[in-house]
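Quick look at coords.cif (mmCIF, N, CA and C atoms):
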```cif
data_my_file
#
loop_
_atom_site.label_atom_id
_atom_site.label_comp_id
_atom_site.auth_asym_id
_atom_site.auth_seq_id
_atom_site.Cartn_x
_atom_site.Cartn_y
_atom_site.Cartn_z
N MET A 1 -62.73 42.56 14.24
CA MET A 1 -61.34 42.48 13.88
C MET A 1 -61.03 41.04 13.47
N ASP A 2 -60.53 40.85 12.28
CA ASP A 2 -60.13 39.53 11.80
C ASP A 2 -58.63 39.40 11.95
N VAL A 3 -58.20 38.37 12.62
CA VAL A 3 -56.77 38.15 12.83
C VAL A 3 -56.34 36.99 11.95
N ALA A 4 -55.31 37.21 11.17
CA ALA A 4 -54.79 36.15 10.31
C ALA A 4 -53.71 35.39 11.06
N ILE A 5 -53.83 34.10 11.08
CA ILE A 5 -52.79 33.26 11.65
C ILE A 5 -51.93 32.79 10.48
N ASP A 6 -50.66 33.07 10.53
CA ASP A 6 -49.76 32.79 9.40
C ASP A 6 -49.33 31.34 9.34
N MET A 7 -50.29 30.43 9.32
CA MET A 7 -50.01 29.00 9.20
C MET A 7 -51.13 28.38 8.40
N PRO A 8 -50.81 27.47 7.48
CA PRO A 8 -51.90 26.78 6.78
C PRO A 8 -52.67 25.89 7.75
N LEU A 9 -53.98 25.87 7.60
CA LEU A 9 -54.82 25.07 8.50
C LEU A 9 -54.40 23.61 8.55
N GLN A 10 -54.02 23.04 7.40
CA GLN A 10 -53.68 21.63 7.36
C GLN A 10 -52.45 21.33 8.22
N ALA A 11 -51.59 22.29 8.41
CA ALA A 11 -50.34 22.06 9.13
C ALA A 11 -50.44 22.36 10.61
N ILE A 12 -51.48 23.05 11.02
CA ILE A 12 -51.54 23.51 12.41
C ILE A 12 -51.50 22.35 13.39
N GLY A 13 -52.42 21.42 13.28
CA GLY A 13 -52.45 20.31 14.23
C GLY A 13 -51.19 19.47 14.18
N HIS A 14 -50.71 19.19 12.99
CA HIS A 14 -49.53 18.35 12.84
C HIS A 14 -48.28 19.03 13.39
N SER A 15 -48.07 20.29 13.06
CA SER A 15 -46.85 20.97 13.49
C SER A 15 -46.85 21.26 14.98
N TYR A 16 -48.00 21.40 15.59
CA TYR A 16 -48.06 21.67 17.01
C TYR A 16 -48.22 20.41 17.86
N GLY A 17 -48.34 19.27 17.22
CA GLY A 17 -48.48 18.03 17.97
C GLY A 17 -47.33 17.81 18.94
N ALA A 18 -46.11 18.14 18.52
CA ALA A 18 -44.93 17.95 19.38
C ALA A 18 -44.99 18.84 20.61
N LEU A 19 -45.61 20.00 20.49
CA LEU A 19 -45.77 20.90 21.63
C LEU A 19 -46.52 20.22 22.76
N PHE A 20 -47.51 19.43 22.41
CA PHE A 20 -48.38 18.81 23.40
C PHE A 20 -47.95 17.40 23.80
N LEU A 21 -47.26 16.70 22.92
CA LEU A 21 -46.98 15.28 23.13
C LEU A 21 -46.33 14.99 24.48
N SER A 22 -45.37 15.79 24.89
CA SER A 22 -44.67 15.53 26.15
C SER A 22 -45.59 15.65 27.36
N CYS A 23 -46.68 16.38 27.23
CA CYS A 23 -47.64 16.54 28.33
C CYS A 23 -48.42 15.26 28.61
N PHE A 24 -48.41 14.33 27.66
CA PHE A 24 -49.24 13.14 27.77
C PHE A 24 -48.45 11.84 27.87
N LYS A 25 -47.14 11.91 27.85
CA LYS A 25 -46.31 10.70 27.93
C LYS A 25 -46.49 10.01 29.28
N SER A 26 -46.78 8.73 29.25
CA SER A 26 -46.89 7.88 30.45
C SER A 26 -47.84 8.44 31.51
N VAL A 27 -48.97 8.95 31.06
CA VAL A 27 -49.97 9.52 31.97
C VAL A 27 -51.18 8.60 31.99
N ALA A 28 -51.63 8.22 33.20
CA ALA A 28 -52.75 7.30 33.33
C ALA A 28 -54.10 8.00 33.44
N GLU A 29 -54.10 9.31 33.69
CA GLU A 29 -55.35 10.06 33.78
C GLU A 29 -55.44 11.04 32.62
N GLU A 30 -56.66 11.50 32.36
CA GLU A 30 -56.83 12.47 31.29
C GLU A 30 -56.25 13.82 31.72
N ARG A 31 -55.68 14.51 30.76
CA ARG A 31 -55.16 15.85 30.95
C ARG A 31 -55.65 16.72 29.81
N LEU A 32 -55.84 17.98 30.10
CA LEU A 32 -56.21 18.97 29.10
C LEU A 32 -55.12 20.03 29.08
N VAL A 33 -54.61 20.32 27.90
CA VAL A 33 -53.62 21.38 27.73
C VAL A 33 -54.23 22.42 26.80
N ILE A 34 -54.17 23.68 27.24
CA ILE A 34 -54.70 24.79 26.46
C ILE A 34 -53.53 25.68 26.08
N ALA A 35 -53.36 25.91 24.78
CA ALA A 35 -52.30 26.78 24.29
C ALA A 35 -52.93 28.05 23.73
N TYR A 36 -52.32 29.18 24.07
CA TYR A 36 -52.78 30.49 23.62
C TYR A 36 -51.73 31.08 22.69
N PHE A 37 -52.17 31.57 21.53
CA PHE A 37 -51.26 32.06 20.50
C PHE A 37 -51.56 33.51 20.13
N ASP A 38 -50.51 34.21 19.69
CA ASP A 38 -50.70 35.57 19.18
C ASP A 38 -51.07 35.49 17.70
N GLY A 39 -51.20 36.62 17.05
CA GLY A 39 -51.65 36.67 15.67
C GLY A 39 -50.68 36.10 14.65
N THR A 40 -49.44 35.87 15.03
CA THR A 40 -48.46 35.28 14.11
C THR A 40 -48.26 33.79 14.38
N GLY A 41 -48.99 33.25 15.33
CA GLY A 41 -48.86 31.83 15.67
C GLY A 41 -47.85 31.58 16.77
N GLY A 42 -47.32 32.64 17.36
CA GLY A 42 -46.37 32.49 18.45
C GLY A 42 -47.08 32.09 19.74
N LEU A 43 -46.49 31.18 20.46
CA LEU A 43 -47.07 30.71 21.72
C LEU A 43 -46.96 31.79 22.79
N ILE A 44 -48.09 32.14 23.41
CA ILE A 44 -48.12 33.13 24.49
C ILE A 44 -48.09 32.43 25.84
N ASP A 45 -48.92 31.39 25.99
CA ASP A 45 -49.06 30.73 27.28
C ASP A 45 -49.57 29.31 27.08
N LEU A 46 -49.33 28.48 28.07
CA LEU A 46 -49.75 27.09 28.04
C LEU A 46 -50.28 26.73 29.42
N HIS A 47 -51.51 26.20 29.49
CA HIS A 47 -52.11 25.79 30.76
C HIS A 47 -52.39 24.30 30.73
N LEU A 48 -52.20 23.64 31.87
CA LEU A 48 -52.45 22.21 32.01
C LEU A 48 -53.48 21.98 33.09
N SER A 49 -54.49 21.18 32.78
CA SER A 49 -55.51 20.77 33.77
C SER A 49 -55.46 19.26 33.90
N GLU A 50 -55.47 18.79 35.14
CA GLU A 50 -55.48 17.36 35.43
C GLU A 50 -56.91 16.87 35.55
N GLY A 51 -57.16 15.66 35.07
CA GLY A 51 -58.48 15.06 35.18
C GLY A 51 -58.43 13.75 35.93
N GLN A 52 -59.38 12.88 35.60
CA GLN A 52 -59.45 11.56 36.20
C GLN A 52 -59.12 10.52 35.13
N ARG A 53 -59.24 9.27 35.49
CA ARG A 53 -58.90 8.18 34.57
C ARG A 53 -59.64 8.27 33.23
N ALA A 54 -60.92 8.59 33.27
CA ALA A 54 -61.70 8.57 32.03
C ALA A 54 -62.44 9.87 31.76
N SER A 55 -62.03 10.96 32.42
CA SER A 55 -62.73 12.21 32.15
C SER A 55 -61.87 13.41 32.54
N ILE A 56 -62.20 14.51 31.92
CA ILE A 56 -61.55 15.80 32.21
C ILE A 56 -62.61 16.87 32.07
N SER A 57 -62.55 17.87 32.93
CA SER A 57 -63.51 18.97 32.77
C SER A 57 -62.90 20.01 31.84
N PHE A 58 -63.76 20.63 31.05
CA PHE A 58 -63.36 21.69 30.14
C PHE A 58 -63.82 23.00 30.76
N PRO A 59 -62.92 23.72 31.40
CA PRO A 59 -63.31 24.96 32.08
C PRO A 59 -63.51 26.10 31.08
N LEU A 60 -64.67 26.12 30.41
CA LEU A 60 -64.92 27.07 29.33
C LEU A 60 -64.69 28.52 29.77
N ARG A 61 -65.26 28.89 30.88
CA ARG A 61 -65.14 30.27 31.36
C ARG A 61 -63.68 30.66 31.58
N ARG A 62 -62.92 29.74 32.21
CA ARG A 62 -61.51 30.03 32.48
C ARG A 62 -60.70 30.11 31.19
N ILE A 63 -61.01 29.26 30.22
CA ILE A 63 -60.30 29.29 28.93
C ILE A 63 -60.53 30.64 28.25
N VAL A 64 -61.78 31.08 28.21
CA VAL A 64 -62.11 32.36 27.57
C VAL A 64 -61.45 33.52 28.33
N GLN A 65 -61.54 33.51 29.66
CA GLN A 65 -60.92 34.57 30.45
C GLN A 65 -59.42 34.62 30.24
N SER A 66 -58.77 33.46 30.21
CA SER A 66 -57.32 33.42 30.00
C SER A 66 -56.94 33.91 28.61
N ALA A 67 -57.74 33.56 27.61
CA ALA A 67 -57.48 34.03 26.25
C ALA A 67 -57.57 35.55 26.17
N LEU A 68 -58.58 36.11 26.81
CA LEU A 68 -58.73 37.57 26.83
C LEU A 68 -57.59 38.23 27.60
N ALA A 69 -57.24 37.68 28.75
CA ALA A 69 -56.17 38.25 29.57
C ALA A 69 -54.83 38.22 28.84
N ALA A 70 -54.60 37.19 28.03
CA ALA A 70 -53.35 37.06 27.28
C ALA A 70 -53.39 37.82 25.96
N ASP A 71 -54.53 38.40 25.64
CA ASP A 71 -54.74 39.07 24.35
C ASP A 71 -54.44 38.10 23.20
N ALA A 72 -54.90 36.87 23.37
CA ALA A 72 -54.65 35.82 22.38
C ALA A 72 -55.52 36.02 21.14
N ALA A 73 -54.95 35.68 20.00
CA ALA A 73 -55.70 35.69 18.75
C ALA A 73 -56.26 34.31 18.45
N ALA A 74 -55.68 33.30 19.09
CA ALA A 74 -56.09 31.92 18.82
C ALA A 74 -55.81 31.03 20.02
N VAL A 75 -56.57 29.93 20.08
CA VAL A 75 -56.45 28.95 21.15
C VAL A 75 -56.42 27.56 20.50
N MET A 76 -55.66 26.66 21.10
CA MET A 76 -55.67 25.27 20.67
C MET A 76 -55.78 24.39 21.90
N LEU A 77 -56.63 23.40 21.82
CA LEU A 77 -56.80 22.44 22.92
C LEU A 77 -56.15 21.12 22.55
N ALA A 78 -55.69 20.42 23.55
CA ALA A 78 -55.23 19.05 23.37
C ALA A 78 -55.55 18.29 24.65
N HIS A 79 -56.03 17.08 24.50
CA HIS A 79 -56.19 16.23 25.68
C HIS A 79 -55.94 14.79 25.27
N ASN A 80 -55.77 13.96 26.27
CA ASN A 80 -55.45 12.57 25.99
C ASN A 80 -56.60 11.65 26.37
N HIS A 81 -56.60 10.51 25.74
CA HIS A 81 -57.51 9.42 26.06
C HIS A 81 -56.64 8.23 26.49
N PRO A 82 -56.47 8.01 27.78
CA PRO A 82 -55.67 6.88 28.24
C PRO A 82 -56.20 5.53 27.74
N SER A 83 -57.45 5.50 27.31
CA SER A 83 -58.05 4.26 26.79
C SER A 83 -57.37 3.79 25.51
N GLY A 84 -56.67 4.69 24.81
CA GLY A 84 -56.02 4.34 23.56
C GLY A 84 -56.84 4.65 22.33
N ASP A 85 -58.04 5.20 22.50
CA ASP A 85 -58.95 5.50 21.40
C ASP A 85 -58.95 7.01 21.14
N THR A 86 -58.53 7.41 19.95
CA THR A 86 -58.47 8.84 19.63
C THR A 86 -59.82 9.44 19.19
N ARG A 87 -60.84 8.60 19.06
CA ARG A 87 -62.13 9.14 18.62
C ARG A 87 -62.72 10.08 19.66
N PRO A 88 -63.17 11.28 19.22
CA PRO A 88 -63.77 12.23 20.17
C PRO A 88 -65.09 11.68 20.72
N SER A 89 -65.26 11.82 22.02
CA SER A 89 -66.53 11.42 22.64
C SER A 89 -67.58 12.48 22.35
N LEU A 90 -68.81 12.16 22.66
CA LEU A 90 -69.89 13.13 22.50
C LEU A 90 -69.62 14.36 23.38
N ALA A 91 -69.12 14.15 24.60
CA ALA A 91 -68.79 15.27 25.49
C ALA A 91 -67.65 16.11 24.90
N ASP A 92 -66.64 15.47 24.30
CA ASP A 92 -65.55 16.20 23.65
C ASP A 92 -66.10 17.11 22.56
N ARG A 93 -66.98 16.56 21.75
CA ARG A 93 -67.56 17.32 20.63
C ARG A 93 -68.39 18.50 21.13
N GLU A 94 -69.21 18.26 22.14
CA GLU A 94 -70.09 19.31 22.66
C GLU A 94 -69.30 20.44 23.29
N MET A 95 -68.32 20.11 24.10
CA MET A 95 -67.53 21.16 24.76
C MET A 95 -66.71 21.95 23.76
N THR A 96 -66.20 21.29 22.74
CA THR A 96 -65.44 21.99 21.70
C THR A 96 -66.34 22.93 20.93
N ARG A 97 -67.55 22.47 20.62
CA ARG A 97 -68.51 23.32 19.91
C ARG A 97 -68.85 24.55 20.76
N LYS A 98 -69.08 24.35 22.06
CA LYS A 98 -69.41 25.46 22.95
C LYS A 98 -68.25 26.45 23.06
N LEU A 99 -67.02 25.93 23.15
CA LEU A 99 -65.87 26.83 23.25
C LEU A 99 -65.70 27.63 21.97
N ALA A 100 -65.81 27.00 20.83
CA ALA A 100 -65.68 27.72 19.55
C ALA A 100 -66.74 28.82 19.46
N ALA A 101 -67.96 28.51 19.89
CA ALA A 101 -69.04 29.49 19.86
C ALA A 101 -68.78 30.65 20.83
N ALA A 102 -68.17 30.38 21.98
CA ALA A 102 -67.87 31.43 22.95
C ALA A 102 -66.72 32.32 22.47
N LEU A 103 -65.75 31.74 21.78
CA LEU A 103 -64.59 32.51 21.32
C LEU A 103 -64.89 33.34 20.05
N ARG A 104 -65.75 32.82 19.20
CA ARG A 104 -66.03 33.44 17.89
C ARG A 104 -66.38 34.93 17.99
N PRO A 105 -67.35 35.35 18.82
CA PRO A 105 -67.69 36.79 18.85
C PRO A 105 -66.58 37.67 19.44
N LEU A 106 -65.60 37.04 20.06
CA LEU A 106 -64.47 37.78 20.64
C LEU A 106 -63.29 37.85 19.67
N ASP A 107 -63.50 37.35 18.44
CA ASP A 107 -62.46 37.32 17.41
C ASP A 107 -61.24 36.51 17.84
N ILE A 108 -61.49 35.44 18.58
CA ILE A 108 -60.44 34.51 18.98
C ILE A 108 -60.75 33.19 18.28
N ARG A 109 -59.81 32.69 17.54
CA ARG A 109 -60.03 31.51 16.73
C ARG A 109 -59.63 30.24 17.48
N LEU A 110 -60.48 29.24 17.44
CA LEU A 110 -60.13 27.92 17.97
C LEU A 110 -59.46 27.17 16.83
N LEU A 111 -58.13 27.03 16.91
CA LEU A 111 -57.36 26.44 15.82
C LEU A 111 -57.66 24.95 15.65
N ASP A 112 -57.68 24.23 16.76
CA ASP A 112 -57.92 22.79 16.69
C ASP A 112 -58.11 22.25 18.09
N HIS A 113 -58.57 21.04 18.16
CA HIS A 113 -58.65 20.27 19.40
C HIS A 113 -58.05 18.92 19.06
N LEU A 114 -56.89 18.64 19.63
CA LEU A 114 -56.18 17.40 19.36
C LEU A 114 -56.44 16.40 20.47
N ILE A 115 -56.61 15.13 20.08
CA ILE A 115 -56.78 14.06 21.06
C ILE A 115 -55.63 13.07 20.87
N PHE A 116 -54.88 12.87 21.95
CA PHE A 116 -53.75 11.96 21.95
C PHE A 116 -54.13 10.65 22.63
N ALA A 117 -53.68 9.56 22.04
CA ALA A 117 -53.87 8.23 22.63
C ALA A 117 -52.62 7.43 22.29
N GLY A 118 -51.75 7.30 23.25
CA GLY A 118 -50.47 6.63 22.99
C GLY A 118 -49.69 7.43 21.97
N GLU A 119 -49.30 6.79 20.88
CA GLU A 119 -48.53 7.44 19.81
C GLU A 119 -49.44 8.08 18.76
N ASP A 120 -50.74 7.88 18.88
CA ASP A 120 -51.68 8.38 17.88
C ASP A 120 -52.27 9.72 18.30
N VAL A 121 -52.62 10.52 17.29
CA VAL A 121 -53.28 11.80 17.54
C VAL A 121 -54.33 12.03 16.46
N ALA A 122 -55.45 12.59 16.87
CA ALA A 122 -56.52 12.95 15.94
C ALA A 122 -56.89 14.41 16.21
N GLY A 123 -57.16 15.15 15.16
CA GLY A 123 -57.54 16.55 15.29
C GLY A 123 -58.96 16.78 14.83
N PHE A 124 -59.69 17.59 15.56
CA PHE A 124 -61.07 17.90 15.20
C PHE A 124 -61.14 18.52 13.80
N ARG A 125 -60.18 19.39 13.48
CA ARG A 125 -60.22 20.05 12.16
C ARG A 125 -60.05 19.01 11.06
N ALA A 126 -59.10 18.10 11.19
CA ALA A 126 -58.88 17.07 10.18
C ALA A 126 -60.08 16.13 10.07
N LEU A 127 -60.78 15.93 11.18
CA LEU A 127 -61.96 15.07 11.18
C LEU A 127 -63.22 15.79 10.67
N GLY A 128 -63.09 17.07 10.37
CA GLY A 128 -64.23 17.85 9.88
C GLY A 128 -65.20 18.26 10.99
N LEU A 129 -64.73 18.25 12.23
CA LEU A 129 -65.58 18.59 13.37
C LEU A 129 -65.41 20.03 13.83
N LEU A 130 -64.53 20.76 13.18
CA LEU A 130 -64.28 22.14 13.58
C LEU A 130 -64.15 23.01 12.35
#
```
Entire entry expressed as C-alpha cells:
Amino acid sequence: MDVAIDMPLQAIGHSYGALFLSCFKSVAEERLVIAYFDGTGGLIDLHLSEGQRASISFPLRRIVQSALAADAAAVMLAHNHPSGDTRPSLADREMTRKLAAALRPLDIRLLDHLIFAGEDVAGFRALGLL
C-alpha cells in the first residue's frame, strides 16, 4: 500500500519545524521528539524522550510499535544538539538509516529527521541523507 502525503517534500521539514521548536527551547540535555502523521499529513501523536547532555537513545522498536498502533502513514523525528552544532553525528545517521529501513516494509514513510541547535535547524532530507 502506497500512502501519499499531501505535502511537498521540500516544505515538510520547514513547515513542521515550529511543531518541534518549543520542545527544545532552553534545554541543556538532548531530547528526541517523534511525530506520527496520518495519510493527509495530520498529526496523530507526539512522543518526547529525554536524553543526557550529549546523547539520546533512539528506541527503534518503540517508534515502530507506536507507528503501527497509531496506524500512522508517516513519522518524523526531531532532536536537539545542545552543543550548537546541527551536523548529524555518525550515530544520528546510522539510527536514522535503521529506522527508515524498519519502517519501509510496513509502508510507513520517514518524512525527515530534524536536528535543532539553538535557532538553527538541519534536516536529513535537505542534506541528502534521507
Checklist entry - Of the candidates A:Val64, A:Leu77, A:Ala18, A:Leu110, which one gets nearest to Val33 in chain A if we count only C-alpha atoms? => result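 Closest to Val33 in chain A, using only C-alpha atoms: A:Leu77.
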Item to check | Best match for closeness to Glu50 in chain A among A:Arg62, A:His79, A:Lys25, A:Arg93, counting only C-alpha atoms | outcome: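 Smallest separation from Glu50 in chain A among the options: A:His79.
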Item to check | Phe116 in chain A environment, 7 Å, only C-alpha atoms, sequence neighbours closer than 4 positions dropped, as a PyMOL selection string | outcome: chain A and resi 79-81+86+120-122
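If you look at atom C of Met76 in chain A and atom C of Glu29 in chain A, they are 17.1 Å away from each other.
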Applied to the shown file, which residues does the PyMOL selection byres ((chain A and resi 46) around 6) return, written as a PDB file with N, CA and C atoms, in the coordinates of the input?
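As written to disk, out.pdb reads:
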```pdb
ATOM      1  N   ILE A  34     -54.170  23.680  27.240  1.00  0.00           N
ATOM      2  CA  ILE A  34     -54.700  24.790  26.460  1.00  0.00           C
ATOM      3  C   ILE A  34     -53.530  25.680  26.080  1.00  0.00           C
ATOM      4  N   ALA A  35     -53.360  25.910  24.780  1.00  0.00           N
ATOM      5  CA  ALA A  35     -52.300  26.780  24.290  1.00  0.00           C
ATOM      6  C   ALA A  35     -52.930  28.050  23.730  1.00  0.00           C
ATOM      7  N   TYR A  36     -52.320  29.180  24.070  1.00  0.00           N
ATOM      8  CA  TYR A  36     -52.780  30.490  23.620  1.00  0.00           C
ATOM      9  C   TYR A  36     -51.730  31.080  22.690  1.00  0.00           C
ATOM     10  N   ILE A  44     -48.090  32.140  23.410  1.00  0.00           N
ATOM     11  CA  ILE A  44     -48.120  33.130  24.490  1.00  0.00           C
ATOM     12  C   ILE A  44     -48.090  32.430  25.840  1.00  0.00           C
ATOM     13  N   ASP A  45     -48.920  31.390  25.990  1.00  0.00           N
ATOM     14  CA  ASP A  45     -49.060  30.730  27.280  1.00  0.00           C
ATOM     15  C   ASP A  45     -49.570  29.310  27.080  1.00  0.00           C
ATOM     16  N   HIS A  47     -51.510  26.200  29.490  1.00  0.00           N
ATOM     17  CA  HIS A  47     -52.110  25.790  30.760  1.00  0.00           C
ATOM     18  C   HIS A  47     -52.390  24.300  30.730  1.00  0.00           C
ATOM     19  N   LEU A  48     -52.200  23.640  31.870  1.00  0.00           N
ATOM     20  CA  LEU A  48     -52.450  22.210  32.010  1.00  0.00           C
ATOM     21  C   LEU A  48     -53.480  21.980  33.090  1.00  0.00           C
TER      22      LEU A  48
END
```
Checklist entry - So, counting only N, CA and C atoms, which residue among A:Glu119, A:Glu94, A:Asp107, A:Asp85 is closest to Ala72 in chain A? => result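 Under the stated criterion, the closest residue is A:Asp107.
Those residues returned by the PyMOL selection byres (((chain A and resi 104 and name CA) around 12) and name CA) for this file are Met1, Asp2, Val3, Val64, Ala67, Ala73, Ala74, Val75, Arg97, Lys98, Leu99, Ala100, Ala101, Ala102, Leu103, Pro105, Leu106, Asp107, Ile108, Arg109, Leu110 and Leu111 of chain A.
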Checklist entry - Could you pull out the alpha helix (DSSP H) residues of range 62-105 of chain A from DSSP and send them as a list in words? => result Arg62, Ile63, Val64, Gln65, Ser66, Ala67, Leu68, Ala69, Leu90, Ala91, Asp92, Arg93, Glu94, Met95, Thr96, Arg97, Lys98, Leu99, Ala100, Ala101, Ala102 and Leu103 of chain A
Item to check | For Ser49 in chain A, the nearest of the candidates A:Ala78, A:Ala126, A:Leu32, A:Leu21, counting all atoms listed in the file | outcome: A:Leu32
Item to check | Separation of atom N of Leu90 in chain A from atom N of Phe37 in chain A, in Å and rounded to one decimal | outcome: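 Here the two named atoms are 25.6 Å from each other.
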Checklist entry - Can you list every residue in chain A that DSSP puts in strand (DSSP E or B), as number ranges by chain? => result A: 31-37, 43-50, 74-80, 109-117, 120-123
Checklist entry - So how many Å separate atom N of Arg61 in chain A and atom N of Gly39 in chain A, to one decimal? => result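 Those two atoms sit 21.2 Å apart.
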File for range 16-59 of chain A (C-alpha atoms), as a PDB file, in the first residue's frame:
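Saved the output as out34.pdb:
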```
ATOM      1  CA  TYR A  16       6.929  21.345  10.730  1.00  0.00           C
ATOM      2  CA  GLY A  17       9.935  22.986  12.358  1.00  0.00           C
ATOM      3  CA  ALA A  18       7.639  25.128  14.532  1.00  0.00           C
ATOM      4  CA  LEU A  19       5.920  21.981  15.801  1.00  0.00           C
ATOM      5  CA  PHE A  20       9.185  20.820  17.344  1.00  0.00           C
ATOM      6  CA  LEU A  21      10.928  24.083  18.210  1.00  0.00           C
ATOM      7  CA  SER A  22       9.169  24.620  21.543  1.00  0.00           C
ATOM      8  CA  CYS A  23      10.308  21.159  22.692  1.00  0.00           C
ATOM      9  CA  PHE A  24      13.939  22.287  22.563  1.00  0.00           C
ATOM     10  CA  LYS A  25      13.854  25.847  23.943  1.00  0.00           C
ATOM     11  CA  SER A  26      16.312  26.351  26.830  1.00  0.00           C
ATOM     12  CA  VAL A  27      17.066  22.635  27.182  1.00  0.00           C
ATOM     13  CA  ALA A  28      20.547  21.570  28.319  1.00  0.00           C
ATOM     14  CA  GLU A  29      20.159  17.856  27.528  1.00  0.00           C
ATOM     15  CA  GLU A  30      19.351  16.109  24.277  1.00  0.00           C
ATOM     16  CA  ARG A  31      15.713  15.336  23.589  1.00  0.00           C
ATOM     17  CA  LEU A  32      14.083  13.256  20.882  1.00  0.00           C
ATOM     18  CA  VAL A  33      10.597  14.073  19.646  1.00  0.00           C
ATOM     19  CA  ILE A  34       8.757  11.607  17.425  1.00  0.00           C
ATOM     20  CA  ALA A  35       5.722  12.810  15.478  1.00  0.00           C
ATOM     21  CA  TYR A  36       3.245  10.386  13.904  1.00  0.00           C
ATOM     22  CA  PHE A  37       1.124  11.518  10.942  1.00  0.00           C
ATOM     23  CA  ASP A  38      -1.865  10.189   9.041  1.00  0.00           C
ATOM     24  CA  GLY A  39      -2.009   9.956   5.244  1.00  0.00           C
ATOM     25  CA  THR A  40      -3.023  13.612   4.828  1.00  0.00           C
ATOM     26  CA  GLY A  41      -0.187  14.947   6.984  1.00  0.00           C
ATOM     27  CA  GLY A  42      -2.368  15.431  10.047  1.00  0.00           C
ATOM     28  CA  LEU A  43      -0.627  14.969  13.373  1.00  0.00           C
ATOM     29  CA  ILE A  44      -1.816  11.830  15.207  1.00  0.00           C
ATOM     30  CA  ASP A  45       0.552  11.729  18.173  1.00  0.00           C
ATOM     31  CA  LEU A  46       3.741  13.232  19.550  1.00  0.00           C
ATOM     32  CA  HIS A  47       6.217  11.458  21.868  1.00  0.00           C
ATOM     33  CA  LEU A  48       9.118  13.021  23.777  1.00  0.00           C
ATOM     34  CA  SER A  49      12.176  11.145  25.061  1.00  0.00           C
ATOM     35  CA  GLU A  50      14.701  12.734  27.408  1.00  0.00           C
ATOM     36  CA  GLY A  51      18.409  12.073  26.998  1.00  0.00           C
ATOM     37  CA  GLN A  52      21.668  13.209  28.524  1.00  0.00           C
ATOM     38  CA  ARG A  53      23.887  16.211  27.874  1.00  0.00           C
ATOM     39  CA  ALA A  54      25.481  14.778  24.729  1.00  0.00           C
ATOM     40  CA  SER A  55      23.404  11.753  23.783  1.00  0.00           C
ATOM     41  CA  ILE A  56      19.921  10.374  23.306  1.00  0.00           C
ATOM     42  CA  SER A  57      18.798   6.828  22.669  1.00  0.00           C
ATOM     43  CA  PHE A  58      16.699   6.109  19.603  1.00  0.00           C
ATOM     44  CA  PRO A  59      14.163   3.497  20.713  1.00  0.00           C
TER      45      PRO A  59
END
```
